[in-house]
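> The structure file work_35.cif (mmCIF, C-alpha atoms) is provided below.
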```cif
data_input
#
loop_
_atom_site.label_atom_id
_atom_site.label_comp_id
_atom_site.auth_asym_id
_atom_site.auth_seq_id
_atom_site.Cartn_x
_atom_site.Cartn_y
_atom_site.Cartn_z
CA MET A 1 0.00 0.00 0.00
CA ALA A 2 1.20 3.54 -0.71
CA VAL A 3 1.91 5.96 2.09
CA ASN A 4 -1.33 6.58 3.95
CA ALA A 5 -2.43 10.01 2.70
CA ILE A 6 -4.84 10.42 5.60
CA ALA A 7 -2.18 9.82 8.26
CA ALA A 8 0.19 12.12 6.37
CA THR A 9 -2.09 15.09 7.14
CA ALA A 10 -1.37 14.88 10.89
CA ARG A 11 0.34 17.88 12.49
CA SER A 12 2.18 17.76 15.76
CA ASP A 13 3.01 21.46 16.01
CA PHE A 14 3.13 24.70 14.07
CA THR A 15 6.31 25.92 12.42
CA HIS A 16 6.02 29.42 13.90
CA ARG A 17 4.48 29.52 17.36
CA ILE A 18 3.50 32.98 18.59
CA ALA A 19 4.53 31.98 22.12
CA ASP A 20 8.09 31.53 20.82
CA LEU A 21 8.39 35.19 19.84
CA ALA A 22 10.30 37.59 22.03
CA ASP A 23 8.16 39.98 24.08
CA GLU A 24 9.23 42.74 21.71
CA PRO A 25 10.03 41.06 18.40
CA GLU A 26 12.56 42.79 16.19
CA MET A 27 10.54 42.34 13.01
CA GLN A 28 9.07 44.62 10.42
CA ALA A 29 5.26 44.86 10.40
CA ASP A 30 4.95 42.76 7.23
CA GLU A 31 7.24 40.06 8.72
CA LEU A 32 5.21 39.98 11.94
CA LYS A 33 1.95 39.72 9.99
CA ALA A 34 3.35 36.84 7.95
CA TYR A 35 4.52 35.14 11.16
CA PHE A 36 1.05 35.46 12.70
CA ASP A 37 -0.61 34.20 9.50
CA SER A 38 1.66 31.17 9.13
CA SER A 39 -0.01 28.91 11.74
CA PRO A 40 -3.57 29.44 10.45
CA GLN A 41 -2.26 28.83 6.94
CA GLU A 42 -0.57 25.58 8.03
CA LEU A 43 -3.83 24.50 9.68
CA LEU A 44 -5.80 25.38 6.54
CA ASP A 45 -3.33 23.45 4.36
CA SER A 46 -3.56 20.39 6.64
CA HIS A 47 -7.35 20.58 6.70
CA ASN A 48 -7.53 20.80 2.90
CA ALA A 49 -5.11 17.88 2.53
CA LEU A 50 -7.26 15.83 4.92
CA VAL A 51 -10.43 16.66 2.98
CA SER A 52 -8.71 15.65 -0.27
CA ALA A 53 -7.43 12.41 1.27
CA LEU A 54 -10.84 11.51 2.72
CA THR A 55 -12.67 12.17 -0.55
CA ALA A 56 -10.16 10.34 -2.75
CA THR A 57 -11.26 7.12 -4.41
CA GLN A 58 -8.62 5.16 -2.47
CA ALA A 59 -9.63 6.62 0.93
CA ALA A 60 -11.38 3.43 2.03
CA ALA A 61 -8.09 1.56 1.58
CA ASP A 62 -6.44 4.02 3.99
CA LEU A 63 -9.14 3.99 6.69
CA GLY A 64 -8.81 1.41 9.42
CA PHE A 65 -11.43 -1.17 10.32
CA ALA A 66 -11.70 -3.15 13.54
CA PRO A 67 -12.12 -6.83 12.65
CA THR A 68 -15.45 -8.28 13.79
CA GLY A 69 -16.90 -11.75 13.46
CA ARG A 70 -16.28 -13.08 9.96
CA LEU A 71 -14.83 -9.78 8.78
CA THR A 72 -11.13 -10.00 9.50
CA ALA A 73 -10.33 -6.97 7.35
CA THR A 74 -8.14 -4.17 8.67
CA THR A 75 -9.31 -1.45 6.25
CA ILE A 76 -12.75 -0.36 5.14
CA GLN A 77 -11.91 -1.29 1.55
CA GLN A 78 -11.00 -4.84 2.59
CA ALA A 79 -14.21 -5.10 4.64
CA ILE A 80 -16.34 -4.02 1.68
CA GLU A 81 -14.60 -6.48 -0.62
CA SER A 82 -15.04 -9.27 1.93
CA LEU A 83 -18.74 -8.48 2.31
CA GLN A 84 -19.15 -8.43 -1.47
CA ALA A 85 -17.46 -11.83 -1.73
CA GLN A 86 -19.79 -13.22 0.95
CA ILE A 87 -22.84 -11.80 -0.85
CA ASP A 88 -21.61 -13.25 -4.15
CA ALA A 89 -21.11 -16.67 -2.52
CA LEU A 90 -24.65 -16.59 -1.09
CA SER A 91 -26.08 -15.47 -4.44
CA ALA A 92 -24.36 -18.38 -6.17
CA GLN A 93 -26.12 -20.79 -3.80
CA ILE A 94 -29.58 -19.53 -4.77
#
```
Show the structure stored in the file as structure tokens.


Amino acid sequence: MAVNAIAATARSDFTHRIADLADEPEMQADELKAYFDSSPQELLDSHNALVSALTATQAAADLGFAPTGRLTATTIQQAIESLQAQIDALSAQI
């Protein structure tokens, strides 16, 4: 399987934390504005990447599934394929 695009959208921290700035930053106004805008932009980028990953045709192959009963799949895609195989097997018996 390719790298999980959904997991790749996770963020552990922002690149530029406002709390890390000095009490009186030695920055020009435009630099300070860009610094303040960087974290919301990173969050927006991560959100958009997550939306894209979740709406992609291969998303079900990247989403986990807890095995239950006769479904031993570990992804939603595998679970759907297993269910389809079981339905096909029952249909063949009719």

> Give the answer as one residue: which of A:Phe14, A:Ser91, A:Asp37, A:Ala61 has the shortest atom-to-atom distance to A:Ala79, using all atoms listed in the file?

A:Ala61

> Please work out which residues fall within 12 Å of (2.7, 33.3, 17.4), coordinates as given in the file, with all atoms listed in the file counting, and return them as a list in words.

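Neighbouring residues, ordered by chain and number, come to Asp13, Phe14, Thr15, His16, Arg17, Ile18, Ala19, Asp20, Leu21, Ala22, Asp23, Pro25, Glu31, Leu32, Lys33, Ala34, Tyr35, Phe36, Asp37, Ser38, Ser39 and Pro40 of chain A.
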
> How many Å separate atom CA of A:Ile6 from atom CA of A:Asp62?

6.8 Å

> Once the PyMOL selection byres ((chain A and resi 65) around 10) is applied to the coordinates I shared, what remains selected? I want it as a PyMOL selection string.

chain A and resi 60-64+66-68+71-79

> In Å, how far is it from atom CA of A:His47 to atom CA of A:Asp30?

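Separation of atom CA of A:His47 and atom CA of A:Asp30: 25.4 Å.
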
> With the PyMOL selection byres ((chain A and resi 5) around 9) as the selection, what would be picked from this file? Answer as a list in words, please.

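This file gives the following for the PyMOL selection byres ((chain A and resi 5) around 9): Ala2, Val3, Asn4, Ile6, Ala7, Ala8, Thr9, Ala49, Leu50, Ser52, Ala53, Leu54, Ala59 and Asp62 of chain A.
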
> Quick check, in Å to one decimal: how far apart do atom CA of A:Arg70 and atom CA of A:Asp88 lie?

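Atom-to-atom, atom CA of A:Arg70 to atom CA of A:Asp88, that is 15.1 Å.
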